[in-house]
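In what follows, a single structure is set out as structure tokens and then discussed.
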Amino acid sequence: MAPRSAKAASTAGVKNQTLVIDNGAFTIKAGVVASSPTIEDCKVIPNCIAKDSVKKVWVGSQLDQCKDFGEMAFRRPVEKGYLVNWEAERAIWGHSFLAENAVAKCDPHETNLLLTEAPNCPQALQTNTDQIIFEEFEYASYCRTLAPTLNAYNDIPSLFGGPSSGDSSQGPAECLLVVDSGYSHTTVTPLINGHPVQQAIRRLDIGGKFLTNYLKEQLSIRAFYAMDETWIVNEIKEATSFVSDNFSRDLERTWKGGKTDRRSMDPSLLVDYVLPDFESTFRGVVRPYDHTTPKMNSRAPVTSASRDKIVTLGNERFAAPELLFNPSDVGMKEAGLPAVIIESVNALPLGLRPSMFANTIVVGGNALIPGFLERLRREVRELTPSEYDVRIASPEDPIRSTWLGGARLAAQHQNLANILVTRKEYLEHGASWLLRRFATHGP
Amino acid sequence: MSNPLSTNPFCSVPTTTHRPTMPQIELLPTTTNPSVPGWAYVLDRGLDPSRTALAPTTGRRPRTLLPAAAASEQLSTRQQAALTRRLHDLDRDGTGREVEVPAKWKARTGGVVRRILLSEKGWSHHLADEEARIAALAGGAPPPVESGKRRVRSGISSGVGTPGGPVGSGTGAGTGELEEGLTAQEVERLLAVPALSFSAARAGPPGERAARTFCEICGYWGRARCLKCGARVCGLECKEQHDVECRRKFA
Ligand SMILES: Nc1ncnc2c1ncn2[C@@H]1O[C@H](COP(=O)(O)OP(=O)(O)O)[C@@H](O)[C@H]1O
Ligand SMILES: [Mg+2]
Ligand SMILES: [Zn+2]
Ligand SMILES: [Zn+2]
């Protein structure tokens, strides 16, 4: 890699192991790295403190043991994608990295920290983070960087059918456009040699949370009161949603018809979802659509006699993900993701645009929605001059991709030393110096 | 059937003259909905779902400011407030019930760290602070780039030449394309530009295409509008269901 301003790499204070934390709003992706990291080294930890219906409190990875998610309430330290509440985050980090049975336990004094943040973060929040890292946790050294940048250190050529670069010793991708669609929002970040082109970064204010909330709303009108069932509805969303390749066609095929011109819906677009009862079943189950079973209906009184609580999903499966492509469907005054990508690329000099369109990757949990990538490819293609090659790919594990890139960077000790700031340097120069340094010396 | 118009779901919508007790409904003209004398029609932009669906994007000009036709779609103040509230709710986290940090992890240290840990500020406070900071900077010193109103918008160009040298070969992930496109100094300068503010990085407005509307009840196209509250429904059946709620709200 090519550090922007090579600093005399003082390896004093730089340790042999690095804790890489991709601090997402939904989950923390974290793991300790020494050399040759693999994706299995990455733990996915819920970034929340939750209170269940009997007021028991669960912190971070404790939730992996939780069974009853009925009416679960969540407190998230990362709001709108930014680390806002350090009281809650400190508890979750403490539980994940410091406590007796921590999933990624390591001694801060013996560890470097590579930490991600979302683009366009307010400065006060950045300084809060820097101060907590060095004054509360006391990590030996630290680098704060935009999450999308770390993807440049992954094996990008292989995503586009090129030869795999194999090990992680090679430098960052030269030109890369990273679409990160996570819990809070979707960002588009052009990278040159792993450095962000800041003025071209764009954000669509729709992420997985928005889609889940939209589905909650729809289900509450049509099936059952879901407004307090965030966890359950998120499960339904992840299990059943898809991005339609022809929205109006699919909307027609999932319409019941008018009062006097009943239509039969296309059963291939419908699924039944059996809700957990949190007594004998703890996870929902997707089943093929069966018109003979009685379904939950918010208009009909709940009959205590019905055994299974079953919801049929039709347009609910694709109407929520559609919002990423058409935010105006809910009246939001933002362009859809394909146009946002164009907007970002257009903010670059002409000479860079072809390489960005030809090297676009999608990371973040929403990349897992079936049909997402195909639809994005098609629409970006339609919006782009025909002489440009449009190539959009997604890594096998889009949720842990940012972490893996960071881990690969962390394994290149010399390059890592160039971007880390030691605790000693921080104590010497102070917080505003550090703010400026990370603003100009990112990896 | 008592309603003589009930054979056509679109024409069977009662007006106050027929059934004074029912809330009114307005039909929205689409090309498949010929106007029927005696019925109130909403002036609209002629949204035709089947047509808009065939052209899901706005073509090569993704960026324009507010469409001229938007004026006819002016939302009432009440509708605008409802929309704002709904968008806010859709972006909300959790249920709002306060979840306490377990005592074990309560802050014990002092100084600056304690101030941060015990801060009650949420995102909206921080955003307001940040915008005030940027405004103050812009007022005093020469405006920093990050507070610049909005970036220059250029329509996408199909030109493949640039003063720096020929580009357009850069389709592969291979090396060399960057050198062809920009000089090292140009890259250096590009990367030195500071970050935009949170607000400036937000996606631009949607294109000119008429916003699609959906039935509030079933999610199908919102082909008709409730005269009482403006809600969209697909037809008579969903309208009846809507009326139950609507009456309760606006009684
Ligand atoms: N298979 C899936 N289908 C749809 N959405 C998914 C799927 N898997 C994860 N998600 C969504 O992706 C989001 C989390 O993505 P992630 O990139 O980890 O976010 P963050 O980094 O903001 O924590 C959540 O909203 C989650 O519901
Ligand atoms: Mg993320
Ligand atoms: Zn309807
Ligand atoms: Zn109404």
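By convention here, the chains of the structure tokens are called A, B, ... in the order presented, each chain's residues are numbered starting at 1, and ligands are numbered starting at 1 in the order presented.
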
All residues 8 Å or closer to Glu130 in chain B, only C-alpha atoms, same chain fewer than 3 positions away omitted, as a list of chain:residue names: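 Contacts, with the query itself left out: A:Pro122, A:Gln123, A:Ala124, B:His126, B:Leu127, B:Arg133, B:Ile134.
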
Print the selection's residues with N, CA and C atoms to a file, as a PDB file, in the first residue's frame.
```pdb
ATOM      1  N   PRO A 122     -19.698  13.823  12.254  1.00  0.00           N
ATOM      2  CA  PRO A 122     -19.420  15.084  12.949  1.00  0.00           C
ATOM      3  C   PRO A 122     -18.129  14.983  13.768  1.00  0.00           C
ATOM      4  N   GLN A 123     -17.367  16.079  13.776  1.00  0.00           N
ATOM      5  CA  GLN A 123     -16.053  16.062  14.423  1.00  0.00           C
ATOM      6  C   GLN A 123     -16.113  15.796  15.927  1.00  0.00           C
ATOM      7  N   ALA A 124     -17.151  16.315  16.574  1.00  0.00           N
ATOM      8  CA  ALA A 124     -17.228  16.129  18.027  1.00  0.00           C
ATOM      9  C   ALA A 124     -17.321  14.644  18.374  1.00  0.00           C
TER      10      ALA A 124
ATOM     11  N   HIS B 126     -26.114  16.230  18.290  1.00  0.00           N
ATOM     12  CA  HIS B 126     -24.786  16.282  17.675  1.00  0.00           C
ATOM     13  C   HIS B 126     -24.841  16.876  16.278  1.00  0.00           C
ATOM     14  N   LEU B 127     -25.894  16.536  15.550  1.00  0.00           N
ATOM     15  CA  LEU B 127     -26.021  17.077  14.198  1.00  0.00           C
ATOM     16  C   LEU B 127     -26.207  18.592  14.265  1.00  0.00           C
ATOM     17  N   ARG B 133     -21.360  24.560  14.160  1.00  0.00           N
ATOM     18  CA  ARG B 133     -19.907  24.729  14.054  1.00  0.00           C
ATOM     19  C   ARG B 133     -19.514  25.114  12.626  1.00  0.00           C
ATOM     20  N   ILE B 134     -20.107  24.417  11.663  1.00  0.00           N
ATOM     21  CA  ILE B 134     -19.773  24.686  10.264  1.00  0.00           C
ATOM     22  C   ILE B 134     -20.251  26.080   9.865  1.00  0.00           C
TER      23      ILE B 134
END
```

From range 44-148 of chain A, collect each residue whose DSSP state is strand (DSSP E) and return the set as a list in words. Val44, Ile45, Pro46, Ile49, Ala50, Lys51, Val57, Trp58, Val59, Ala73, Phe74, Arg75, Val78, Glu79, Tyr82, Leu83, Thr111, Asn112, Leu113, Leu114, Leu115, Thr116, Glu117, Ser141, Tyr142, Cys143, Arg144, Thr145 and Leu146 of chain A

Output file for the residues above (N, CA and C atoms, as a PDB file, in the first residue's frame):
```
ATOM      1  N   VAL A  44     -19.208 -11.785  15.031  1.00  0.00           N
ATOM      2  CA  VAL A  44     -20.280 -10.822  14.789  1.00  0.00           C
ATOM      3  C   VAL A  44     -21.076 -10.671  16.081  1.00  0.00           C
ATOM      4  N   ILE A  45     -21.009  -9.487  16.666  1.00  0.00           N
ATOM      5  CA  ILE A  45     -21.581  -9.252  17.992  1.00  0.00           C
ATOM      6  C   ILE A  45     -22.706  -8.219  17.887  1.00  0.00           C
ATOM      7  N   PRO A  46     -23.901  -8.555  18.365  1.00  0.00           N
ATOM      8  CA  PRO A  46     -24.976  -7.557  18.311  1.00  0.00           C
ATOM      9  C   PRO A  46     -24.534  -6.279  19.023  1.00  0.00           C
ATOM     10  N   ILE A  49     -27.805  -3.194  23.676  1.00  0.00           N
ATOM     11  CA  ILE A  49     -28.210  -3.717  24.973  1.00  0.00           C
ATOM     12  C   ILE A  49     -29.710  -3.908  24.857  1.00  0.00           C
ATOM     13  N   ALA A  50     -30.198  -5.079  25.223  1.00  0.00           N
ATOM     14  CA  ALA A  50     -31.607  -5.382  24.987  1.00  0.00           C
ATOM     15  C   ALA A  50     -32.307  -5.724  26.295  1.00  0.00           C
ATOM     16  N   LYS A  51     -33.576  -5.396  26.334  1.00  0.00           N
ATOM     17  CA  LYS A  51     -34.372  -5.746  27.516  1.00  0.00           C
ATOM     18  C   LYS A  51     -35.566  -6.553  27.038  1.00  0.00           C
ATOM     19  N   VAL A  57     -31.954  -7.906  31.165  1.00  0.00           N
ATOM     20  CA  VAL A  57     -31.111  -7.124  30.273  1.00  0.00           C
ATOM     21  C   VAL A  57     -30.018  -8.004  29.670  1.00  0.00           C
ATOM     22  N   TRP A  58     -29.808  -7.868  28.377  1.00  0.00           N
ATOM     23  CA  TRP A  58     -28.810  -8.640  27.647  1.00  0.00           C
ATOM     24  C   TRP A  58     -27.824  -7.678  26.997  1.00  0.00           C
ATOM     25  N   VAL A  59     -26.531  -7.985  27.131  1.00  0.00           N
ATOM     26  CA  VAL A  59     -25.507  -7.098  26.571  1.00  0.00           C
ATOM     27  C   VAL A  59     -24.775  -7.808  25.427  1.00  0.00           C
ATOM     28  N   ALA A  73     -36.840  -4.920  23.621  1.00  0.00           N
ATOM     29  CA  ALA A  73     -36.500  -3.519  23.368  1.00  0.00           C
ATOM     30  C   ALA A  73     -34.985  -3.394  23.239  1.00  0.00           C
ATOM     31  N   PHE A  74     -34.534  -2.567  22.310  1.00  0.00           N
ATOM     32  CA  PHE A  74     -33.106  -2.458  22.026  1.00  0.00           C
ATOM     33  C   PHE A  74     -32.590  -1.040  22.259  1.00  0.00           C
ATOM     34  N   ARG A  75     -31.415  -0.963  22.839  1.00  0.00           N
ATOM     35  CA  ARG A  75     -30.717   0.314  22.909  1.00  0.00           C
ATOM     36  C   ARG A  75     -29.432   0.184  22.110  1.00  0.00           C
ATOM     37  N   VAL A  78     -24.854   3.096  18.461  1.00  0.00           N
ATOM     38  CA  VAL A  78     -24.610   3.701  17.159  1.00  0.00           C
ATOM     39  C   VAL A  78     -25.946   4.140  16.582  1.00  0.00           C
ATOM     40  N   GLU A  79     -26.069   5.445  16.416  1.00  0.00           N
ATOM     41  CA  GLU A  79     -27.319   6.023  15.948  1.00  0.00           C
ATOM     42  C   GLU A  79     -27.053   6.637  14.586  1.00  0.00           C
ATOM     43  N   TYR A  82     -23.548   6.486  13.412  1.00  0.00           N
ATOM     44  CA  TYR A  82     -22.432   7.114  14.138  1.00  0.00           C
ATOM     45  C   TYR A  82     -22.454   6.751  15.613  1.00  0.00           C
ATOM     46  N   LEU A  83     -21.272   6.587  16.168  1.00  0.00           N
ATOM     47  CA  LEU A  83     -21.150   6.195  17.558  1.00  0.00           C
ATOM     48  C   LEU A  83     -21.492   7.394  18.450  1.00  0.00           C
ATOM     49  N   THR A 111      -2.207  -4.155  22.615  1.00  0.00           N
ATOM     50  CA  THR A 111      -2.960  -4.328  21.374  1.00  0.00           C
ATOM     51  C   THR A 111      -3.086  -3.013  20.610  1.00  0.00           C
ATOM     52  N   ASN A 112      -2.936  -3.101  19.283  1.00  0.00           N
ATOM     53  CA  ASN A 112      -3.278  -1.973  18.412  1.00  0.00           C
ATOM     54  C   ASN A 112      -4.761  -2.071  18.093  1.00  0.00           C
ATOM     55  N   LEU A 113      -5.398  -0.943  17.882  1.00  0.00           N
ATOM     56  CA  LEU A 113      -6.821  -0.951  17.537  1.00  0.00           C
ATOM     57  C   LEU A 113      -7.019  -0.315  16.164  1.00  0.00           C
ATOM     58  N   LEU A 114      -7.671  -1.064  15.282  1.00  0.00           N
ATOM     59  CA  LEU A 114      -8.087  -0.510  13.988  1.00  0.00           C
ATOM     60  C   LEU A 114      -9.607  -0.443  14.025  1.00  0.00           C
ATOM     61  N   LEU A 115     -10.134   0.779  14.010  1.00  0.00           N
ATOM     62  CA  LEU A 115     -11.571   0.991  14.244  1.00  0.00           C
ATOM     63  C   LEU A 115     -12.206   1.719  13.061  1.00  0.00           C
ATOM     64  N   THR A 116     -13.386   1.262  12.652  1.00  0.00           N
ATOM     65  CA  THR A 116     -14.066   1.927  11.530  1.00  0.00           C
ATOM     66  C   THR A 116     -15.088   2.941  12.017  1.00  0.00           C
ATOM     67  N   GLU A 117     -15.375   3.889  11.134  1.00  0.00           N
ATOM     68  CA  GLU A 117     -16.487   4.813  11.362  1.00  0.00           C
ATOM     69  C   GLU A 117     -17.180   5.028  10.021  1.00  0.00           C
ATOM     70  N   SER A 141      -1.975   1.575  20.558  1.00  0.00           N
ATOM     71  CA  SER A 141      -1.978   2.452  19.387  1.00  0.00           C
ATOM     72  C   SER A 141      -3.298   2.247  18.674  1.00  0.00           C
ATOM     73  N   TYR A 142      -3.588   3.158  17.741  1.00  0.00           N
ATOM     74  CA  TYR A 142      -4.958   3.196  17.235  1.00  0.00           C
ATOM     75  C   TYR A 142      -5.005   3.877  15.895  1.00  0.00           C
ATOM     76  N   CYS A 143      -5.925   3.400  15.037  1.00  0.00           N
ATOM     77  CA  CYS A 143      -6.247   4.108  13.808  1.00  0.00           C
ATOM     78  C   CYS A 143      -7.752   4.079  13.603  1.00  0.00           C
ATOM     79  N   ARG A 144      -8.323   5.234  13.357  1.00  0.00           N
ATOM     80  CA  ARG A 144      -9.756   5.340  13.040  1.00  0.00           C
ATOM     81  C   ARG A 144      -9.862   5.607  11.544  1.00  0.00           C
ATOM     82  N   THR A 145     -10.691   4.825  10.850  1.00  0.00           N
ATOM     83  CA  THR A 145     -10.759   4.961   9.398  1.00  0.00           C
ATOM     84  C   THR A 145     -12.183   4.732   8.893  1.00  0.00           C
ATOM     85  N   LEU A 146     -12.494   5.258   7.715  1.00  0.00           N
ATOM     86  CA  LEU A 146     -13.815   5.030   7.133  1.00  0.00           C
ATOM     87  C   LEU A 146     -13.974   3.551   6.810  1.00  0.00           C
TER      88      LEU A 146
END
```

Among range 61-271 of chain A, which ones does DSSP place in helix (DSSP H, G or I), written as a ChimeraX atom specification? /A:61-65,86-98,108-110,123-137,147-153,156-159,198-200,208-222,230-240,247-253,267-269

Of the candidates B:Gly219, B:Ser76, B:Gly204, B:Asp93, which shows the shortest atom-to-atom distance to ligand 1, using only C-alpha atoms and all ligand atoms?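 Selected residue with least distance to ligand 1: B:Asp93.
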
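Using only C-alpha atoms, the nearest neighbour of Lys228 in chain B within the list B:Glu240, B:Glu186, B:His88, B:Cys246 is B:Cys246.
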
Can you tell me, as an MDAnalysis selection string, what residues are no more than 12 Å from Phe224 in chain A when counting only C-alpha atoms, ignoring any on the same chain fewer than 2 positions away? chainID A and resid 215:222 226:229 232:233 275 295:302 309:312

Find the residues near ligand 3. Use a cut-off of 8 Å, count only C-alpha atoms and all ligand atoms, and write them as an mmCIF file with all heavy atoms, in the first residue's frame.
```cif
data_model
loop_
_atom_site.group_PDB
_atom_site.id
_atom_site.type_symbol
_atom_site.label_atom_id
_atom_site.label_comp_id
_atom_site.auth_asym_id
_atom_site.auth_seq_id
_atom_site.Cartn_x
_atom_site.Cartn_y
_atom_site.Cartn_z
ATOM 1 N N PHE B 214 -49.300 4.154 -3.287
ATOM 2 C CA PHE B 214 -49.733 2.798 -2.981
ATOM 3 C C PHE B 214 -50.957 2.787 -2.074
ATOM 4 O O PHE B 214 -51.158 3.701 -1.271
ATOM 5 C CB PHE B 214 -48.587 2.030 -2.324
ATOM 6 C CG PHE B 214 -47.399 1.933 -3.225
ATOM 7 C CD1 PHE B 214 -46.371 2.862 -3.145
ATOM 8 C CD2 PHE B 214 -47.335 0.950 -4.199
ATOM 9 C CE1 PHE B 214 -45.287 2.809 -4.004
ATOM 10 C CE2 PHE B 214 -46.263 0.891 -5.066
ATOM 11 C CZ PHE B 214 -45.226 1.817 -4.971
ATOM 12 N N CYS B 215 -51.731 1.730 -2.219
ATOM 13 C CA CYS B 215 -52.900 1.541 -1.365
ATOM 14 C C CYS B 215 -52.423 1.342 0.067
ATOM 15 O O CYS B 215 -51.593 0.475 0.335
ATOM 16 C CB CYS B 215 -53.699 0.332 -1.835
ATOM 17 S SG CYS B 215 -55.060 -0.087 -0.720
ATOM 18 N N GLU B 216 -52.945 2.157 0.951
ATOM 19 C CA GLU B 216 -52.529 2.077 2.351
ATOM 20 C C GLU B 216 -52.914 0.750 2.983
ATOM 21 O O GLU B 216 -52.311 0.326 3.951
ATOM 22 C CB GLU B 216 -53.223 3.182 3.153
ATOM 23 C CG GLU B 216 -52.471 4.458 3.146
ATOM 24 C CD GLU B 216 -52.975 5.414 4.188
ATOM 25 O OE1 GLU B 216 -53.922 5.068 4.933
ATOM 26 O OE2 GLU B 216 -52.417 6.508 4.253
ATOM 27 N N ILE B 217 -53.941 0.140 2.447
ATOM 28 C CA ILE B 217 -54.443 -1.085 3.063
ATOM 29 C C ILE B 217 -53.713 -2.318 2.536
ATOM 30 O O ILE B 217 -53.163 -3.097 3.310
ATOM 31 C CB ILE B 217 -55.965 -1.222 2.829
ATOM 32 C CG1 ILE B 217 -56.703 0.015 3.363
ATOM 33 C CG2 ILE B 217 -56.501 -2.496 3.464
ATOM 34 C CD1 ILE B 217 -56.628 0.195 4.866
ATOM 35 N N CYS B 218 -53.669 -2.484 1.212
ATOM 36 C CA CYS B 218 -53.131 -3.740 0.684
ATOM 37 C C CYS B 218 -51.780 -3.593 -0.013
ATOM 38 O O CYS B 218 -51.147 -4.591 -0.339
ATOM 39 C CB CYS B 218 -54.137 -4.397 -0.269
ATOM 40 S SG CYS B 218 -54.267 -3.552 -1.864
ATOM 41 N N GLY B 219 -51.332 -2.360 -0.281
ATOM 42 C CA GLY B 219 -50.019 -2.176 -0.881
ATOM 43 C C GLY B 219 -50.012 -2.162 -2.396
ATOM 44 O O GLY B 219 -48.968 -1.942 -3.009
ATOM 45 N N TYR B 220 -51.177 -2.399 -3.011
ATOM 46 C CA TYR B 220 -51.273 -2.293 -4.472
ATOM 47 C C TYR B 220 -51.258 -0.806 -4.842
ATOM 48 O O TYR B 220 -51.209 0.058 -3.971
ATOM 49 C CB TYR B 220 -52.578 -2.989 -4.906
ATOM 50 C CG TYR B 220 -52.782 -3.097 -6.389
ATOM 51 C CD1 TYR B 220 -51.922 -3.852 -7.179
ATOM 52 C CD2 TYR B 220 -53.854 -2.439 -7.002
ATOM 53 C CE1 TYR B 220 -52.122 -3.947 -8.543
ATOM 54 C CE2 TYR B 220 -54.066 -2.539 -8.368
ATOM 55 C CZ TYR B 220 -53.188 -3.289 -9.136
ATOM 56 O OH TYR B 220 -53.391 -3.376 -10.482
ATOM 57 N N TRP B 221 -51.307 -0.487 -6.134
ATOM 58 C CA TRP B 221 -51.290 0.926 -6.545
ATOM 59 C C TRP B 221 -52.376 1.715 -5.822
ATOM 60 O O TRP B 221 -53.501 1.265 -5.680
ATOM 61 C CB TRP B 221 -51.516 1.072 -8.060
ATOM 62 C CG TRP B 221 -50.538 0.336 -8.920
ATOM 63 C CD1 TRP B 221 -50.817 -0.668 -9.787
ATOM 64 C CD2 TRP B 221 -49.115 0.544 -9.007
ATOM 65 N NE1 TRP B 221 -49.670 -1.106 -10.413
ATOM 66 C CE2 TRP B 221 -48.607 -0.381 -9.953
ATOM 67 C CE3 TRP B 221 -48.221 1.417 -8.380
ATOM 68 C CZ2 TRP B 221 -47.263 -0.456 -10.287
ATOM 69 C CZ3 TRP B 221 -46.880 1.342 -8.711
ATOM 70 C CH2 TRP B 221 -46.410 0.411 -9.656
ATOM 71 N N GLY B 222 -52.051 2.918 -5.438
ATOM 72 C CA GLY B 222 -53.029 3.792 -4.783
ATOM 73 C C GLY B 222 -53.800 4.577 -5.823
ATOM 74 O O GLY B 222 -53.527 5.749 -6.050
ATOM 75 N N VAL B 233 -55.986 4.548 -1.711
ATOM 76 C CA VAL B 233 -56.461 3.172 -1.681
ATOM 77 C C VAL B 233 -56.539 2.661 -3.113
ATOM 78 O O VAL B 233 -56.480 3.439 -4.053
ATOM 79 C CB VAL B 233 -57.850 3.048 -1.004
ATOM 80 C CG1 VAL B 233 -57.753 3.251 0.496
ATOM 81 C CG2 VAL B 233 -58.835 4.017 -1.625
ATOM 82 N N CYS B 234 -56.693 1.335 -3.255
ATOM 83 C CA CYS B 234 -56.690 0.787 -4.610
ATOM 84 C C CYS B 234 -58.083 0.735 -5.208
ATOM 85 O O CYS B 234 -58.247 0.770 -6.417
ATOM 86 C CB CYS B 234 -56.069 -0.606 -4.609
ATOM 87 S SG CYS B 234 -56.999 -1.834 -3.675
ATOM 88 N N GLY B 235 -59.074 0.664 -4.384
ATOM 89 C CA GLY B 235 -60.427 0.534 -4.900
ATOM 90 C C GLY B 235 -61.426 0.473 -3.767
ATOM 91 O O GLY B 235 -61.094 0.736 -2.597
ATOM 92 N N GLU B 237 -63.037 -1.887 -2.145
ATOM 93 C CA GLU B 237 -62.937 -2.806 -1.010
ATOM 94 C C GLU B 237 -62.000 -2.265 0.069
ATOM 95 O O GLU B 237 -62.336 -2.214 1.249
ATOM 96 C CB GLU B 237 -62.443 -4.162 -1.491
ATOM 97 C CG GLU B 237 -62.551 -5.226 -0.433
ATOM 98 C CD GLU B 237 -62.068 -6.575 -0.930
ATOM 99 O OE1 GLU B 237 -61.436 -6.624 -2.011
ATOM 100 O OE2 GLU B 237 -62.317 -7.551 -0.250
ATOM 101 N N CYS B 238 -60.840 -1.832 -0.361
ATOM 102 C CA CYS B 238 -59.889 -1.286 0.603
ATOM 103 C C CYS B 238 -60.381 0.047 1.151
ATOM 104 O O CYS B 238 -60.090 0.409 2.286
ATOM 105 C CB CYS B 238 -58.510 -1.144 -0.034
ATOM 106 S SG CYS B 238 -57.672 -2.730 -0.235
ATOM 107 N N LYS B 239 -61.151 0.771 0.320
ATOM 108 C CA LYS B 239 -61.704 2.041 0.785
ATOM 109 C C LYS B 239 -62.642 1.802 1.972
ATOM 110 O O LYS B 239 -62.616 2.543 2.959
ATOM 111 C CB LYS B 239 -62.459 2.723 -0.357
ATOM 112 C CG LYS B 239 -63.138 4.039 0.020
ATOM 113 C CD LYS B 239 -62.105 5.132 0.307
ATOM 114 C CE LYS B 239 -62.736 6.501 0.422
ATOM 115 N NZ LYS B 239 -63.507 6.710 1.620
#
```

Skipping near chain neighbours, those fewer than 3 positions away, what residues fall within 12 Å of range 61-67 of chain A using only C-alpha atoms, listed as JSON, numbers by chain? {"A": [27, 28, 29, 30, 43, 44, 45, 46, 47, 48, 49, 50, 51, 52, 53, 56, 57, 58, 70, 72, 74, 91, 92, 93, 94, 95, 96, 97, 99, 101, 102, 103, 104, 231, 232, 276, 277, 278, 279, 280, 281, 282, 283, 284]}

Counting only C-alpha atoms and all ligand atoms, which protein, DNA or RNA residues come within 9 Å of ligand 2, given as JSON, numbers by chain? {"A": [22, 23, 24, 25, 26, 27, 28, 29, 81, 116, 117, 118, 147, 148, 180, 181, 182, 183, 184, 363, 364, 365, 399, 400, 402]}

Contacts of His185 in chain A at 8 Å (only C-alpha atoms; same-chain gap of 3+ positions) as a ChimeraX atom specification: /A:80-81,181-182,203-208

In Å, with one decimal, what is the gap from CA of Val14 in chain A to CA of Ile39 in chain A?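 Distance between the two atoms: 23.6 Å.
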
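CA of Leu196 in chain B sits 19.0 Å away from CA of Leu337 in chain A.
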
For ligand 4, return the neighbouring residues as a list in words (distance at most 9 Å; only C-alpha atoms and all ligand atoms). Pro23, Gln24, Ile25, Arg225, Cys226, Leu227, Lys228, Cys229, Gly230, Ala231, Arg232, Lys239, His242, Asp243, Val244, Glu245, Cys246, Arg247, Lys249 and Phe250 of chain B

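For the atom pair formed by CA of Trp433 in chain A and CA of Gly405 in chain A, the distance is 26.7 Å, given to one decimal.
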
Any idea what's packed within 12 Å of Leu323 in chain A, counting only C-alpha atoms, ignoring anything in its chain fewer than 4 positions away? Could you give it as a ChimeraX atom specification? /A:185-186,204-215,242-244,247,316-319,327-338,366,372 /B:90,212

Leaving out range 106-119 of chain B and any residue of its chain fewer than 4 positions from it, which residues lie within 10 Å of it when counting only C-alpha atoms, given as a ChimeraX atom specification? /A:84-91,125,127-129,131-136 /B:100-102

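Nearest to chain A of all the residues B:Arg189, B:Arg202, B:Arg78, B:Lys104 is B:Arg202, counting only C-alpha atoms.
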